[in-house]
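Colleague: One structure, as structure tokens, below. Some questions next.
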Amino acid sequence: MPALPEDKLDALTKRFDSIEAALASGPAAEEFVRLSKEYAELEPIVRPIFAYRKLVADLASAEELAADKDMAEMAEAEIAELKPRIELAESEIRILLLPRDAADEKSVILEVRAGTGGDEAALFAGDLLRMYQRYADLMGWSFQLLEESPGEMGGYKEVVANISGKGVYARLKFESGVHRVQRVPATEGSGRIHTSAATVAVLPEVEDIDVDIRPEDIRIDTMRSSGAGGQHVNTTDSAVRITHIPTGIVVTASQKSQHQNRATAMKVLQARLYETQREARDTARSESRKEQVGSGDRSERIRTYNFPQGRVTDHRINLTLYKLEKVITGDALDELVSALVTEHQASQLAAMEGIN
């Protein structure tokens, strides 16, 4: 494996030291905010570099001591301990130096839709939503339901949620795709196993500055919210539908407040437009490149949840876990997420090092 790029490590540590000195000098408020943000971005990379270089210095000292016959035995023991630690530190730094997706630190808009399978697909969509909600809780993220279209027997025909926190997109972006379930539905009386599906889309949440939406490019319609009947029907025109005319993208929001619905619909529209632009850019850049884990192609069947055998299989990395109940409740989802992240990083490293 090639050596770490010491010139790049030098540039990062020097910049970090200069920012630290500038912050200590008491800069103006605006400059302090800018420097603090850069400092926070560099620290997770630079601290491991400092630790790595200390290990390398300790190894050099131990190797010098090994030349002294009175200290040789102790030095050799230290060398044996330091070498694997240095190798591990090098691997961690290589991963930290990989090109980062600009959207990785963003919060996300999560969209889950029932696919083939009728009522069972809607029930499965509900299971997936609860899985992600539990996972968000475990990760310390906030979860907010934005829009829902319930299924007739439960679950959801379509549901949209906002998951907020640091690095949410980096962890959840590999969830986009077709999720398949194999089980005996609650609606099935003969005990026959059905196969149903739901689609998941994970879109990075964007700010106004990320996507320029011209007022003349959108049409905003208000309409009466649908309800379950009786006192639950909203009798005011509070629901909002926004149509982005150039792309034909349509977003609706139908909670109680029309003002909140406008804000929600615009947030979802911005996320969809941003993702559309990202996909077009990435496709143009990588038409001839091998497909890698996390391409985000929503037409792919990415995962199967097989209830009779208690297993869940991620088809992109051929990983099967026999702990379906813990995965579908969100408690063991991170095992799949972490494996996908690791595989993606390995693919990036291989590409950078010219390995096919």
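Ordered as shown in the structure tokens, chains take letters A, B, and onward, while each chain numbers its residues from 1 and ligands are numbered from 1 in the order shown.
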Would you write out, as a Markdown table, a table of all residues in stretch 40-144 of chain A that have an atom no more than 12 Å from an atom of stretch 192-211 of chain A, listing for each the closest atom pair and the distance in Å to one decimal, considering only C-alpha atoms and ordering rows by chain and rising residue number?
Modeller:
```
| residue | atom | partner | partner_atom | distance |
| --- | --- | --- | --- | --- |
| A:Asp101 | CA | A:Pro204 | CA | 10.8 |
| A:Ala102 | CA | A:Pro204 | CA | 9.9 |
| A:Ala103 | CA | A:Pro204 | CA | 6.2 |
| A:Asp104 | CA | A:Pro204 | CA | 8.0 |
| A:Glu105 | CA | A:Pro204 | CA | 8.9 |
| A:Lys106 | CA | A:Pro204 | CA | 5.9 |
| A:Ser107 | CA | A:Glu205 | CA | 5.3 |
| A:Val108 | CA | A:Pro204 | CA | 4.4 |
| A:Ile109 | CA | A:Leu203 | CA | 5.1 |
| A:Leu110 | CA | A:Val202 | CA | 4.8 |
| A:Glu111 | CA | A:Ala201 | CA | 5.0 |
| A:Val112 | CA | A:Val200 | CA | 4.6 |
| A:Arg113 | CA | A:Thr199 | CA | 5.3 |
| A:Ala114 | CA | A:Ala198 | CA | 4.4 |
| A:Gly115 | CA | A:Ala198 | CA | 4.5 |
| A:Thr116 | CA | A:Ala197 | CA | 5.4 |
| A:Gly117 | CA | A:Ser196 | CA | 4.5 |
| A:Gly118 | CA | A:Ser196 | CA | 7.9 |
| A:Asp119 | CA | A:Ser196 | CA | 9.3 |
| A:Glu120 | CA | A:Ser196 | CA | 6.6 |
| A:Ala121 | CA | A:Ser196 | CA | 5.3 |
| A:Ala122 | CA | A:Ala198 | CA | 7.7 |
| A:Leu123 | CA | A:Ala198 | CA | 9.5 |
| A:Phe124 | CA | A:Ala198 | CA | 6.9 |
| A:Ala125 | CA | A:Ala198 | CA | 5.8 |
| A:Gly126 | CA | A:Ala198 | CA | 9.5 |
| A:Asp127 | CA | A:Ala198 | CA | 10.1 |
| A:Leu128 | CA | A:Ala198 | CA | 8.5 |
| A:Leu129 | CA | A:Val200 | CA | 9.4 |
| A:Tyr132 | CA | A:Val200 | CA | 10.6 |
```
Colleague: Go ahead and write the residues just picked, C-alpha atoms, as a PDB file, in the first residue's frame.
Modeller:
```pdb
ATOM      1  CA  ASP A 101     -19.772  14.012  -0.664  1.00  0.00           C
ATOM      2  CA  ALA A 102     -20.668  17.649  -0.089  1.00  0.00           C
ATOM      3  CA  ALA A 103     -24.083  16.538   1.149  1.00  0.00           C
ATOM      4  CA  ASP A 104     -22.815  14.049   3.761  1.00  0.00           C
ATOM      5  CA  GLU A 105     -23.238  16.382   6.734  1.00  0.00           C
ATOM      6  CA  LYS A 106     -26.772  17.386   5.773  1.00  0.00           C
ATOM      7  CA  SER A 107     -30.080  16.375   7.296  1.00  0.00           C
ATOM      8  CA  VAL A 108     -32.423  14.437   5.003  1.00  0.00           C
ATOM      9  CA  ILE A 109     -35.900  14.234   3.577  1.00  0.00           C
ATOM     10  CA  LEU A 110     -36.979  10.572   3.800  1.00  0.00           C
ATOM     11  CA  GLU A 111     -39.690   9.356   1.420  1.00  0.00           C
ATOM     12  CA  VAL A 112     -41.195   5.866   1.726  1.00  0.00           C
ATOM     13  CA  ARG A 113     -43.774   4.630  -0.794  1.00  0.00           C
ATOM     14  CA  ALA A 114     -45.682   1.379  -1.008  1.00  0.00           C
ATOM     15  CA  GLY A 115     -44.812  -0.529  -4.174  1.00  0.00           C
ATOM     16  CA  THR A 116     -46.145  -3.811  -5.526  1.00  0.00           C
ATOM     17  CA  GLY A 117     -48.213  -5.791  -3.064  1.00  0.00           C
ATOM     18  CA  GLY A 118     -51.300  -3.721  -2.309  1.00  0.00           C
ATOM     19  CA  ASP A 119     -52.255  -3.510   1.373  1.00  0.00           C
ATOM     20  CA  GLU A 120     -49.242  -5.590   2.433  1.00  0.00           C
ATOM     21  CA  ALA A 121     -46.899  -3.153   0.653  1.00  0.00           C
ATOM     22  CA  ALA A 122     -48.466  -0.281   2.608  1.00  0.00           C
ATOM     23  CA  LEU A 123     -48.017  -2.187   5.873  1.00  0.00           C
ATOM     24  CA  PHE A 124     -44.363  -2.825   4.958  1.00  0.00           C
ATOM     25  CA  ALA A 125     -43.877   0.890   4.187  1.00  0.00           C
ATOM     26  CA  GLY A 126     -45.093   1.567   7.724  1.00  0.00           C
ATOM     27  CA  ASP A 127     -42.594  -0.952   9.106  1.00  0.00           C
ATOM     28  CA  LEU A 128     -39.761   0.760   7.234  1.00  0.00           C
ATOM     29  CA  LEU A 129     -40.780   4.184   8.500  1.00  0.00           C
ATOM     30  CA  TYR A 132     -35.875   4.597  10.407  1.00  0.00           C
TER      31      TYR A 132
END
```
Colleague: So which residues touch A:Arg219 within 10 Å, counting only C-alpha atoms, skipping near sequence neighbours fewer than 3 positions away, as number ranges by chain?
Modeller: A: 215-216, 241-245, 250
Colleague: Which neighbours of stretch 74-87 of chain A fall inside 12 Å, counting only C-alpha atoms, when residues of the same chain fewer than 2 positions from it are skipped, and could you give them as JSON, numbers by chain?
Modeller: {"A": [1, 2, 3, 4, 48, 49, 50, 51, 52, 53, 54, 55, 56, 57, 58, 59, 60, 61, 62, 63, 64, 65, 66, 67, 68, 69, 70, 71, 72, 89, 90, 91, 92, 93, 94]}
Colleague: Could the residues in this selection be written to a file with C-alpha atoms, as a PDB file, in the first residue's frame?
Modeller:
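File result.pdb, as written:
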```pdb
ATOM      1  CA  MET A   1       0.000   0.000   0.000  1.00  0.00           C
ATOM      2  CA  PRO A   2       1.443   3.420  -0.937  1.00  0.00           C
ATOM      3  CA  ALA A   3       2.704   5.734   1.798  1.00  0.00           C
ATOM      4  CA  LEU A   4       0.511   8.480   3.130  1.00  0.00           C
ATOM      5  CA  PRO A  48      -5.631  11.496  14.020  1.00  0.00           C
ATOM      6  CA  ILE A  49      -2.688  12.856  11.978  1.00  0.00           C
ATOM      7  CA  PHE A  50      -1.077  14.211  15.162  1.00  0.00           C
ATOM      8  CA  ALA A  51      -1.632  10.855  16.891  1.00  0.00           C
ATOM      9  CA  TYR A  52      -0.197   8.972  13.895  1.00  0.00           C
ATOM     10  CA  ARG A  53       2.909  11.122  13.784  1.00  0.00           C
ATOM     11  CA  LYS A  54       3.500  10.603  17.504  1.00  0.00           C
ATOM     12  CA  LEU A  55       3.337   6.839  16.940  1.00  0.00           C
ATOM     13  CA  VAL A  56       5.860   7.151  14.092  1.00  0.00           C
ATOM     14  CA  ALA A  57       8.167   9.219  16.318  1.00  0.00           C
ATOM     15  CA  ASP A  58       7.833   6.649  19.113  1.00  0.00           C
ATOM     16  CA  LEU A  59       8.723   3.883  16.651  1.00  0.00           C
ATOM     17  CA  ALA A  60      11.842   5.739  15.520  1.00  0.00           C
ATOM     18  CA  SER A  61      12.918   6.154  19.151  1.00  0.00           C
ATOM     19  CA  ALA A  62      12.306   2.470  19.861  1.00  0.00           C
ATOM     20  CA  GLU A  63      14.330   1.448  16.816  1.00  0.00           C
ATOM     21  CA  GLU A  64      17.232   3.566  18.058  1.00  0.00           C
ATOM     22  CA  LEU A  65      17.030   1.905  21.473  1.00  0.00           C
ATOM     23  CA  ALA A  66      17.057  -1.506  19.808  1.00  0.00           C
ATOM     24  CA  ALA A  67      20.687  -0.858  18.831  1.00  0.00           C
ATOM     25  CA  ASP A  68      21.590  -0.816  22.530  1.00  0.00           C
ATOM     26  CA  LYS A  69      21.973  -4.441  23.610  1.00  0.00           C
ATOM     27  CA  ASP A  70      20.899  -3.588  27.169  1.00  0.00           C
ATOM     28  CA  MET A  71      17.651  -2.032  25.912  1.00  0.00           C
ATOM     29  CA  ALA A  72      17.095  -4.246  22.877  1.00  0.00           C
ATOM     30  CA  ALA A  89      -3.747   4.723  12.067  1.00  0.00           C
ATOM     31  CA  GLU A  90      -2.645   4.882   8.419  1.00  0.00           C
ATOM     32  CA  SER A  91      -5.804   3.077   7.316  1.00  0.00           C
ATOM     33  CA  GLU A  92      -7.996   5.462   9.305  1.00  0.00           C
ATOM     34  CA  ILE A  93      -6.248   8.502   7.833  1.00  0.00           C
ATOM     35  CA  ARG A  94      -6.609   7.171   4.283  1.00  0.00           C
TER      36      ARG A  94
END
```
Colleague: Considering only C-alpha atoms, can you say which of A:Met131, A:Val240, A:Ala253, A:Ala186 comes closest to A:Glu158?
Modeller: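 Closest to A:Glu158, using only C-alpha atoms: A:Ala253.
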Colleague: In Å, with one decimal, what is the gap from atom CA of A:Met223 to atom CA of A:Ala239?
Modeller: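 Computing it gives 5.2 Å between the two atoms.
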Colleague: Find the residues near A:Ile45: any atom within 9 Å, counting only C-alpha atoms, skip ones fewer than 5 places away on the same chain, and give them as a ChimeraX atom specification.
Modeller: /A:12,93,96-97
Colleague: Can you spit out the residues from that selection as a short mmCIF file (atom, residue, chain, number, x, y, z; two decimals), in the first residue's frame, using C-alpha atoms?
Modeller:
```cif
data_model
loop_
_atom_site.label_atom_id
_atom_site.label_comp_id
_atom_site.auth_asym_id
_atom_site.auth_seq_id
_atom_site.Cartn_x
_atom_site.Cartn_y
_atom_site.Cartn_z
CA LEU A 12 -3.66 20.18 6.80
CA ILE A 93 -6.25 8.50 7.83
CA LEU A 96 -10.46 10.46 6.33
CA LEU A 97 -8.62 11.81 3.27
#
```
Colleague: I need the residues in stretch 38-182 of chain A that are strand (DSSP E) according to DSSP; give them as a ChimeraX atom specification.
Modeller: /A:108-114,142-150,156-164,177-182
Colleague: Just checking: using only C-alpha atoms, which residue out of A:Ile249, A:Ala346, A:Leu23, A:Leu146 ends up closest to A:Tyr274?
Modeller: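 For A:Tyr274, the nearest of the candidates is A:Ile249.
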Colleague: Assign secondary structure with DSSP using the backbone only, and return the residues of stretch 4-35 of chain A in alpha helix (DSSP H) as a list in words.
Modeller: Glu6, Asp7, Lys8, Leu9, Asp10, Ala11, Leu12, Thr13, Lys14, Arg15, Phe16, Asp17, Ser18, Ile19, Glu20, Ala21, Ala22, Leu23, Ala24, Ala29, Glu30, Glu31, Phe32, Val33, Arg34 and Leu35 of chain A
Colleague: Put those residues in a file: N, CA and C atoms, as a PDB file, in the first residue's frame.
Modeller:
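Output contents, as saved in result_5.pdb:
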```
ATOM      1  N   GLU A   6       2.517  12.789   2.669  1.00  0.00           N
ATOM      2  CA  GLU A   6       3.000  13.645   3.760  1.00  0.00           C
ATOM      3  C   GLU A   6       2.822  15.137   3.473  1.00  0.00           C
ATOM      4  N   ASP A   7       2.940  15.517   2.192  1.00  0.00           N
ATOM      5  CA  ASP A   7       2.762  16.934   1.866  1.00  0.00           C
ATOM      6  C   ASP A   7       1.339  17.393   2.158  1.00  0.00           C
ATOM      7  N   LYS A   8       0.376  16.509   1.903  1.00  0.00           N
ATOM      8  CA  LYS A   8      -1.021  16.855   2.197  1.00  0.00           C
ATOM      9  C   LYS A   8      -1.251  16.893   3.706  1.00  0.00           C
ATOM     10  N   LEU A   9      -0.625  15.967   4.424  1.00  0.00           N
ATOM     11  CA  LEU A   9      -0.742  15.972   5.882  1.00  0.00           C
ATOM     12  C   LEU A   9      -0.140  17.245   6.461  1.00  0.00           C
ATOM     13  N   ASP A  10       0.994  17.664   5.903  1.00  0.00           N
ATOM     14  CA  ASP A  10       1.638  18.902   6.357  1.00  0.00           C
ATOM     15  C   ASP A  10       0.727  20.110   6.137  1.00  0.00           C
ATOM     16  N   ALA A  11       0.118  20.163   4.954  1.00  0.00           N
ATOM     17  CA  ALA A  11      -0.748  21.304   4.628  1.00  0.00           C
ATOM     18  C   ALA A  11      -1.942  21.374   5.588  1.00  0.00           C
ATOM     19  N   LEU A  12      -2.513  20.214   5.894  1.00  0.00           N
ATOM     20  CA  LEU A  12      -3.664  20.184   6.796  1.00  0.00           C
ATOM     21  C   LEU A  12      -3.287  20.605   8.211  1.00  0.00           C
ATOM     22  N   THR A  13      -2.176  20.086   8.718  1.00  0.00           N
ATOM     23  CA  THR A  13      -1.781  20.413  10.096  1.00  0.00           C
ATOM     24  C   THR A  13      -1.350  21.864  10.224  1.00  0.00           C
ATOM     25  N   LYS A  14      -0.671  22.394   9.198  1.00  0.00           N
ATOM     26  CA  LYS A  14      -0.264  23.801   9.238  1.00  0.00           C
ATOM     27  C   LYS A  14      -1.472  24.724   9.221  1.00  0.00           C
ATOM     28  N   ARG A  15      -2.444  24.385   8.391  1.00  0.00           N
ATOM     29  CA  ARG A  15      -3.654  25.206   8.328  1.00  0.00           C
ATOM     30  C   ARG A  15      -4.395  25.142   9.661  1.00  0.00           C
ATOM     31  N   PHE A  16      -4.458  23.962  10.256  1.00  0.00           N
ATOM     32  CA  PHE A  16      -5.132  23.792  11.544  1.00  0.00           C
ATOM     33  C   PHE A  16      -4.442  24.628  12.622  1.00  0.00           C
ATOM     34  N   ASP A  17      -3.119  24.582  12.658  1.00  0.00           N
ATOM     35  CA  ASP A  17      -2.360  25.365  13.646  1.00  0.00           C
ATOM     36  C   ASP A  17      -2.574  26.864  13.456  1.00  0.00           C
ATOM     37  N   SER A  18      -2.627  27.306  12.190  1.00  0.00           N
ATOM     38  CA  SER A  18      -2.806  28.736  11.933  1.00  0.00           C
ATOM     39  C   SER A  18      -4.203  29.196  12.347  1.00  0.00           C
ATOM     40  N   ILE A  19      -5.209  28.349  12.141  1.00  0.00           N
ATOM     41  CA  ILE A  19      -6.567  28.690  12.563  1.00  0.00           C
ATOM     42  C   ILE A  19      -6.633  28.755  14.088  1.00  0.00           C
ATOM     43  N   GLU A  20      -5.997  27.800  14.748  1.00  0.00           N
ATOM     44  CA  GLU A  20      -5.988  27.767  16.208  1.00  0.00           C
ATOM     45  C   GLU A  20      -5.367  29.050  16.771  1.00  0.00           C
ATOM     46  N   ALA A  21      -4.263  29.494  16.137  1.00  0.00           N
ATOM     47  CA  ALA A  21      -3.603  30.724  16.579  1.00  0.00           C
ATOM     48  C   ALA A  21      -4.489  31.942  16.326  1.00  0.00           C
ATOM     49  N   ALA A  22      -5.157  31.950  15.176  1.00  0.00           N
ATOM     50  CA  ALA A  22      -6.031  33.077  14.836  1.00  0.00           C
ATOM     51  C   ALA A  22      -7.211  33.164  15.803  1.00  0.00           C
ATOM     52  N   LEU A  23      -7.771  32.038  16.162  1.00  0.00           N
ATOM     53  CA  LEU A  23      -8.893  32.022  17.114  1.00  0.00           C
ATOM     54  C   LEU A  23      -8.460  32.517  18.488  1.00  0.00           C
ATOM     55  N   ALA A  24      -7.232  32.158  18.873  1.00  0.00           N
ATOM     56  CA  ALA A  24      -6.713  32.571  20.178  1.00  0.00           C
ATOM     57  C   ALA A  24      -6.448  34.072  20.237  1.00  0.00           C
ATOM     58  N   ALA A  29     -16.270  39.037  15.381  1.00  0.00           N
ATOM     59  CA  ALA A  29     -17.298  37.998  15.492  1.00  0.00           C
ATOM     60  C   ALA A  29     -17.507  37.215  14.196  1.00  0.00           C
ATOM     61  N   GLU A  30     -17.621  37.922  13.077  1.00  0.00           N
ATOM     62  CA  GLU A  30     -17.867  37.252  11.802  1.00  0.00           C
ATOM     63  C   GLU A  30     -16.696  36.340  11.427  1.00  0.00           C
ATOM     64  N   GLU A  31     -15.464  36.842  11.630  1.00  0.00           N
ATOM     65  CA  GLU A  31     -14.284  36.045  11.329  1.00  0.00           C
ATOM     66  C   GLU A  31     -14.170  34.868  12.285  1.00  0.00           C
ATOM     67  N   PHE A  32     -14.569  35.070  13.527  1.00  0.00           N
ATOM     68  CA  PHE A  32     -14.530  33.994  14.525  1.00  0.00           C
ATOM     69  C   PHE A  32     -15.446  32.840  14.109  1.00  0.00           C
ATOM     70  N   VAL A  33     -16.640  33.181  13.622  1.00  0.00           N
ATOM     71  CA  VAL A  33     -17.593  32.153  13.182  1.00  0.00           C
ATOM     72  C   VAL A  33     -17.028  31.372  12.001  1.00  0.00           C
ATOM     73  N   ARG A  34     -16.458  32.094  11.033  1.00  0.00           N
ATOM     74  CA  ARG A  34     -15.900  31.440   9.838  1.00  0.00           C
ATOM     75  C   ARG A  34     -14.747  30.507  10.209  1.00  0.00           C
ATOM     76  N   LEU A  35     -13.839  31.001  11.060  1.00  0.00           N
ATOM     77  CA  LEU A  35     -12.691  30.196  11.467  1.00  0.00           C
ATOM     78  C   LEU A  35     -13.125  28.996  12.320  1.00  0.00           C
TER      79      LEU A  35
END
```
